Amino acid sequence: MTTRRTTLAILGATILASLQPLPLFAEEDAAAKAVEAAKAFAGTTINVAEEAGLMAMLGINVTGPEWERLTGIKVKVSELPYEELFTKQLLEHKAGSGAYDVLTIGHSWVADLVLAGALEPLDPLIEKYGVKEEFDDIVPAFREGTMYQGATYALAVDGDVHVLYYRKDIFEDPAMQEAFKAKYGYDLAPPTDYGKFNEVCQFITDQTGGKVYGAGLINTGYQHFFFGERFRLYGGKYFDEASMKAQINSEAGVRAVQEMVDALKCQPPGAATWGFGESLSALNSGEIAMTITWPPVARWAQGINADEQALSWVPESTVVDKIGYALTPGGHPSLVPGIQLALSSDSKNKDAAYLYMQWLTSKTESLKNVMRPIGLRDPFRYSHFDSPEFQALWPTAPNYLSVLREGDEKGYADFAVLETYKYTDTLARAVIAAIGGKDPKAALDEAAAQWDAITKQVGVDRQREAYKAWASRPSAYRM
Amino acid sequence: MAQASGNKGGRQDRGFAVALAAPAVLIMALFGLFPLLYSIVVSFQRLTLTASDTGFAGLANYVRLFEDGRFGLALAHTFAIAAVALPLQLGLGMALALHFLEDRPLKRLFVALLIIPTVVSPMVAGSMWRLMFDDRFGPINQMIGWLAGERVSILWAIDPRFAYPAIIICDVWQWTPFMFLILLAALSNVDHEQQEAAALDGASKWQIFCFVTLPAIMPIVSIALLIRSLDLLRIFDIVWQLTRGGPGTSTETISIYAYVRGFQEFDTSFVGALVVVLVIALSALLMAALRRLEVAR
């Protein structure tokens, strides 16, 4: 009996013990896995092509030395101006120089680079070293940008998105609010469409007598980005799929450009020549009440890490705690250019280079980088938006991150077909010509004719296939 | 025997001459002729940065070139700049040369100062003038504002009405001293006895200049004009720095057009066709000019 009772007790204890919750396995960490695997390649050197300036500085001053300390792999960063990134990297591939192991590319270049054989497919390396769950954390539009025909060719590293910055103190001023409502019949608030944007802009310029201008936009450079957002908001399609005739000169295109031209009336004199730097300077100096630009401006306008030597060129902010963030009018900001890292097919250190990419873009490392003042990296993972550390960076950071998240989820992906750079250069020139005084319709008609010539040269059927593949992405037209 | 020896000597002389000329000819062929021949070959292919098919394209690139409205416009823009800048440089250069022909106080210092723009790289000159024309920080608008009595906001780089004046001002600033130097040297060498004889015969200063001085310096003036014309037909740096060929393509010169198509869009074969057409056109123009100047002999 005793033996039986003892046996039962042991059995019961065993069953109970087996029912105890198992210790949870630690979640796999792509950064840690990359570091461990990379130690096997200690002593090698990898060459990384980076956009010149702050982007490259991150690799030169921070991540490169850190990676070498962790793995023994040396990182050599080559700086290239953004305008030359695509052509220089492709030319190096054509020349077979193997100058770069890691490439910096935009969404719109993927197809051309893949077809040229410049990019190494990453799926086998992800299978070998990666943590697939970490890809679910990336906002879909940025994940889409890394793919071509179902295969992965790049890793997202930057959540480029346009944001509407506005002066809260002006928008919340009761006198301004009252006067605005009396004039326009609706509340003074961050504009939800570009018609209202122009009205709010004009109102502020008039009301302050030009002491503060309603807006100061980027009116030179990257104009195809700004056009693309407005054009698609108005239902514009880049091509007629059947004929592949350009549609940028359609009603939607002309309306988009006309509104951009009209917006100049309420901007400071000379704003037609403004680029990124002028718009940033005017926002920080308090000269303008609104602008549309990239996410790092929020950190600079807030004066975060203002003592950082690398940011000494950023004008001192006079608007700390005065800047609000909102979706761009229309609610579908441009996700441009969508910087990502790719592995050169000419690399002689593919594993070592891939592991550096995996480490940089991993959940843990990328969070550090999107919070850093240098690097120009912006949040692109859900875990970035939810990070308590990031949300505590400044008082309105939670609002900033929530706007970025919504923008990333609703934004328009960059236009991407074959030889996209030819189309976008032509389009940007047309928009700048209109801003400079040319009739928008005439400027777009000329650009459309050039687009048709480019399409003919690329091959209508080839381009149709590429266009259909791009247009079928949810982030292309947001239907 | 003596004749045979003479023939042998002649052959040796010719051989020596060929040996002396060979390196120069070889270098010319390598660096001058080969790129041209290569451009001709490429112009019949389908070479682009991204194309995988680089096969024979026939005359397709030439057809595209002549169908492309931008090509004609780029030519027109180039000739327009040359047509305005060249006479201005000649006129101002001549005026300065005549002024400094006579002894003036601090003449050497002024001449040295005048030459400075010519030694500056055109890229630097373009950047400098872009800053000068800047709407916010540039002194040009500020000075015009002082004269006008109110703030002036001329957008030199992007307003089509002002982009050409900006380019021409910059080019004239940089290259008038070149014209001045050449003309000063030419004027200094004019035979004064002829001028004095004309003066004794009762000719006015203007008549002396038109009928004595000008004919005497005309060959040098022609060469100076030829050099500057060729430079202006290739103008790139100043325009690139000031307007990037914009707004739109409204100041796009033929060199900028070739650069954009060749080095931004990497339409290599198309630019090959463009180069061939330009070389033929400019060579014809140059030969005609040289024949007219009778310096080809």
# chains A, B, ... in the order shown; residues from 1 in each chain; ligands from 1
call {"tool": "interface_residues", "arguments": {"of": "chain B", "to": "chain A", "cutoff": "8 Å", "atoms": "only C-alpha atoms", "output": "ChimeraX atom specification"}}
result
/B:49-52,135-136,153-155,157-160,246-250,264-265
call {"tool": "select_by_dssp", "arguments": {"residues": "stretch 21-193 of chain A", "states": "strand (DSSP E)", "output": "VMD selection string"}}
result
chain A and resid 45 to 51 74 to 80 102 to 105 147 to 148 151 to 152 154 to 156 163 to 167
call {"tool": "write_last_selection", "arguments": {"atoms": "C-alpha atoms", "output": "mmCIF file, in the first residue's frame"}}
result
data_model
loop_
_atom_site.group_PDB
_atom_site.id
_atom_site.type_symbol
_atom_site.label_atom_id
_atom_site.label_comp_id
_atom_site.auth_asym_id
_atom_site.auth_seq_id
_atom_site.Cartn_x
_atom_site.Cartn_y
_atom_site.Cartn_z
ATOM 1 C CA THR A 45 37.253 44.555 -44.764
ATOM 2 C CA ILE A 46 33.905 45.424 -46.306
ATOM 3 C CA ASN A 47 33.303 48.468 -48.501
ATOM 4 C CA VAL A 48 30.052 50.310 -48.040
ATOM 5 C CA ALA A 49 28.686 52.929 -50.437
ATOM 6 C CA GLU A 50 26.740 55.519 -48.482
ATOM 7 C CA GLU A 51 25.007 58.776 -49.273
ATOM 8 C CA LYS A 74 36.566 46.536 -40.757
ATOM 9 C CA VAL A 75 34.024 48.826 -42.460
ATOM 10 C CA LYS A 76 35.245 51.245 -45.106
ATOM 11 C CA VAL A 77 32.625 53.822 -46.074
ATOM 12 C CA SER A 78 32.697 55.553 -49.479
ATOM 13 C CA GLU A 79 30.623 58.714 -49.660
ATOM 14 C CA LEU A 80 28.619 59.400 -52.817
ATOM 15 C CA VAL A 102 27.139 47.001 -49.565
ATOM 16 C CA LEU A 103 25.095 49.345 -51.731
ATOM 17 C CA THR A 104 22.755 52.161 -50.718
ATOM 18 C CA ILE A 105 19.734 52.238 -52.995
ATOM 19 C CA MET A 147 11.368 43.039 -53.264
ATOM 20 C CA TYR A 148 11.446 42.324 -56.953
ATOM 21 C CA ALA A 151 12.513 37.830 -54.087
ATOM 22 C CA THR A 152 14.253 40.017 -51.518
ATOM 23 C CA ALA A 154 17.493 44.729 -50.101
ATOM 24 C CA LEU A 155 16.955 45.402 -46.410
ATOM 25 C CA ALA A 156 14.979 48.430 -45.259
ATOM 26 C CA VAL A 163 5.595 65.217 -42.810
ATOM 27 C CA LEU A 164 3.657 68.463 -42.487
ATOM 28 C CA TYR A 165 5.316 70.631 -39.861
ATOM 29 C CA TYR A 166 3.304 73.536 -38.492
ATOM 30 C CA ARG A 167 3.660 76.192 -35.841
#
call {"tool": "select_by_dssp", "arguments": {"residues": "stretch 156-373 of chain A", "states": "helix (DSSP H, G or I)", "output": "PyMOL selection string"}}
result
chain A and resi 168-171+174-184+194-207+223-233+251-266+271-273+276-285+296-301+309-311+350-361+363-371
call {"tool": "closest_atom_pairs", "arguments": {"of": "stretch 385-428 of chain A", "to": "stretch 352-374 of chain A", "cutoff": "9 Å", "atoms": "only C-alpha atoms", "output": "JSON lines"}}
result
{"residue": "A:Ser387", "atom": "CA", "partner": "A:Leu367", "partner_atom": "CA", "distance": 8.2}
{"residue": "A:Glu389", "atom": "CA", "partner": "A:Met371", "partner_atom": "CA", "distance": 8.9}
{"residue": "A:Phe390", "atom": "CA", "partner": "A:Met371", "partner_atom": "CA", "distance": 6.5}
{"residue": "A:Leu393", "atom": "CA", "partner": "A:Met371", "partner_atom": "CA", "distance": 8.3}
call {"tool": "write_last_selection", "arguments": {"atoms": "N, CA and C atoms", "output": "PDB file, in the first residue's frame"}}
result
ATOM      1  N   SER A 387       8.447  52.230 -29.325  1.00  0.00           N
ATOM      2  CA  SER A 387       9.565  52.244 -28.376  1.00  0.00           C
ATOM      3  C   SER A 387       9.378  53.316 -27.290  1.00  0.00           C
ATOM      4  N   GLU A 389      11.536  54.304 -25.283  1.00  0.00           N
ATOM      5  CA  GLU A 389      12.759  55.112 -25.285  1.00  0.00           C
ATOM      6  C   GLU A 389      12.650  56.269 -26.289  1.00  0.00           C
ATOM      7  N   PHE A 390      12.169  55.947 -27.487  1.00  0.00           N
ATOM      8  CA  PHE A 390      12.008  56.967 -28.528  1.00  0.00           C
ATOM      9  C   PHE A 390      10.898  57.951 -28.128  1.00  0.00           C
ATOM     10  N   LEU A 393      11.941  60.788 -25.972  1.00  0.00           N
ATOM     11  CA  LEU A 393      13.049  61.627 -26.440  1.00  0.00           C
ATOM     12  C   LEU A 393      12.746  63.121 -26.307  1.00  0.00           C
TER      13      LEU A 393
END
call {"tool": "atom_distance", "arguments": {"atom1": "atom CA of B:Val63", "atom2": "atom CA of B:Tyr38"}}
result
19.3 Å
call {"tool": "residues_around", "arguments": {"residues": "B:Asp237", "least_positions_apart": "2", "cutoff": "7 Å", "atoms": "only C-alpha atoms", "output": "number ranges by chain"}}
result
B: 122-123, 126, 235, 239-241
call {"tool": "write_last_selection", "arguments": {"atoms": "C-alpha atoms", "output": "PDB file, in the first residue's frame"}}
result
ATOM      1  CA  PRO B 122      34.606  78.491 -64.737  1.00  0.00           C
ATOM      2  CA  MET B 123      33.063  76.141 -62.160  1.00  0.00           C
ATOM      3  CA  GLY B 126      29.646  79.983 -61.760  1.00  0.00           C
ATOM      4  CA  ILE B 235      29.800  76.318 -72.703  1.00  0.00           C
ATOM      5  CA  VAL B 239      25.548  77.456 -66.968  1.00  0.00           C
ATOM      6  CA  TRP B 240      25.643  74.265 -64.926  1.00  0.00           C
ATOM      7  CA  GLN B 241      26.577  76.108 -61.761  1.00  0.00           C
TER       8      GLN B 241
END
call {"tool": "closest_residue", "arguments": {"among": "B:Ser222, B:Thr78, B:Ser188, B:Ser229", "to": "B:Phe100", "atoms": "only C-alpha atoms"}}
result
B:Ser188
call {"tool": "residues_around", "arguments": {"residues": "A:Glu251", "least_positions_apart": "3", "cutoff": "10 Å", "atoms": "only C-alpha atoms", "output": "MDAnalysis selection string"}}
result
chainID A and resid 231 234:236 247:248 254:256 441
call {"tool": "write_last_selection", "arguments": {"atoms": "C-alpha atoms", "output": "PDB file, in the first residue's frame"}}
result
ATOM      1  CA  PHE A 231      -0.879  63.823 -58.714  1.00  0.00           C
ATOM      2  CA  TYR A 234      -6.183  63.660 -57.608  1.00  0.00           C
ATOM      3  CA  GLY A 235      -6.517  60.249 -59.201  1.00  0.00           C
ATOM      4  CA  GLY A 236      -3.612  60.596 -61.588  1.00  0.00           C
ATOM      5  CA  GLN A 247      -0.566  60.555 -68.316  1.00  0.00           C
ATOM      6  CA  ILE A 248       1.376  63.088 -66.266  1.00  0.00           C
ATOM      7  CA  VAL A 254      -1.937  70.026 -64.305  1.00  0.00           C
ATOM      8  CA  ARG A 255      -3.943  70.561 -61.113  1.00  0.00           C
ATOM      9  CA  ALA A 256      -1.051  69.286 -59.010  1.00  0.00           C
ATOM     10  CA  LYS A 441       0.097  72.390 -69.041  1.00  0.00           C
TER      11      LYS A 441
END
call {"tool": "atom_distance", "arguments": {"atom1": "atom CA of A:Tyr100", "atom2": "atom CA of A:Ser347"}}
result
6.7 Å
call {"tool": "residues_around", "arguments": {"residues": "A:Asp408", "least_positions_apart": "3", "cutoff": "7 Å", "atoms": "only C-alpha atoms", "output": "list of chain:residue names"}}
result
A:Val139, A:Val161, A:Leu335, A:Leu404, A:Arg405, A:Gly411
call {"tool": "residues_around", "arguments": {"residues": "B:Val275", "least_positions_apart": "4", "cutoff": "12 Å", "atoms": "only C-alpha atoms", "output": "ChimeraX atom specification"}}
result
/B:35-43,61-62,65,71,234,254-255,257-259,261-262,268-271,279-283
call {"tool": "write_last_selection", "arguments": {"atoms": "C-alpha atoms", "output": "mmCIF file, in the first residue's frame"}}
result
data_model
loop_
_atom_site.group_PDB
_atom_site.id
_atom_site.type_symbol
_atom_site.label_atom_id
_atom_site.label_comp_id
_atom_site.auth_asym_id
_atom_site.auth_seq_id
_atom_site.Cartn_x
_atom_site.Cartn_y
_atom_site.Cartn_z
ATOM 1 C CA PRO B 35 37.576 58.381 -79.082
ATOM 2 C CA LEU B 36 35.951 59.747 -82.214
ATOM 3 C CA LEU B 37 36.041 56.382 -83.966
ATOM 4 C CA TYR B 38 34.740 54.735 -80.816
ATOM 5 C CA SER B 39 31.885 57.262 -80.652
ATOM 6 C CA ILE B 40 31.010 56.463 -84.251
ATOM 7 C CA VAL B 41 30.876 52.739 -83.469
ATOM 8 C CA VAL B 42 28.856 53.280 -80.280
ATOM 9 C CA SER B 43 26.415 55.560 -82.081
ATOM 10 C CA ASN B 61 20.039 56.883 -82.463
ATOM 11 C CA TYR B 62 20.422 59.486 -85.205
ATOM 12 C CA LEU B 65 18.410 62.686 -82.006
ATOM 13 C CA PHE B 71 18.422 68.785 -79.184
ATOM 14 C CA ARG B 234 30.948 74.258 -75.681
ATOM 15 C CA ILE B 254 24.368 71.511 -76.112
ATOM 16 C CA SER B 255 27.106 70.473 -73.654
ATOM 17 C CA TYR B 257 22.257 68.300 -72.939
ATOM 18 C CA ALA B 258 25.054 65.869 -73.801
ATOM 19 C CA TYR B 259 26.103 65.633 -70.153
ATOM 20 C CA ARG B 261 21.917 62.366 -71.590
ATOM 21 C CA GLY B 262 25.325 60.800 -71.259
ATOM 22 C CA THR B 268 25.546 56.190 -74.249
ATOM 23 C CA SER B 269 24.788 55.366 -77.875
ATOM 24 C CA PHE B 270 22.472 58.326 -78.206
ATOM 25 C CA VAL B 271 25.239 60.620 -76.982
ATOM 26 C CA VAL B 279 31.942 67.010 -84.506
ATOM 27 C CA ILE B 280 30.873 67.095 -88.145
ATOM 28 C CA ALA B 281 28.946 70.360 -87.739
ATOM 29 C CA LEU B 282 31.643 72.107 -85.708
ATOM 30 C CA SER B 283 34.433 70.879 -87.972
#
call {"tool": "residues_around", "arguments": {"residues": "A:Cys201", "least_positions_apart": "2", "cutoff": "9 Å", "atoms": "only C-alpha atoms", "output": "list of chain:residue names"}}
result
A:Lys196, A:Phe197, A:Asn198, A:Glu199, A:Phe203, A:Ile204, A:Thr205, A:Asp206, A:Tyr213, A:Gly214, A:Ala215, A:Ala263, A:Lys265, A:Cys266, A:Gln267, A:Ala289, A:Met290
call {"tool": "write_last_selection", "arguments": {"atoms": "C-alpha atoms", "output": "tab-separated table (two decimals), in the first residue's frame"}}
result
chain	number	residue	atom	x	y	z
A	196	LYS	CA	-6.91	74.33	-47.73
A	197	PHE	CA	-3.12	74.36	-47.44
A	198	ASN	CA	-2.96	77.31	-49.82
A	199	GLU	CA	-5.79	79.08	-47.96
A	203	PHE	CA	-4.17	83.65	-44.36
A	204	ILE	CA	-1.11	83.49	-42.08
A	205	THR	CA	1.01	85.52	-44.49
A	206	ASP	CA	-1.67	88.21	-44.71
A	213	TYR	CA	4.94	83.52	-43.87
A	214	GLY	CA	2.27	80.84	-44.16
A	215	ALA	CA	4.67	78.28	-45.61
A	263	ALA	CA	1.31	78.13	-53.24
A	265	LYS	CA	2.06	83.48	-53.55
A	266	CYS	CA	1.99	83.04	-49.79
A	267	GLN	CA	5.60	81.91	-49.38
A	289	ALA	CA	4.43	78.60	-40.21
A	290	MET	CA	4.36	75.39	-42.29
call {"tool": "atom_distance", "arguments": {"atom1": "atom CA of B:Pro105", "atom2": "atom CA of B:Ala216"}}
result
27.3 Å
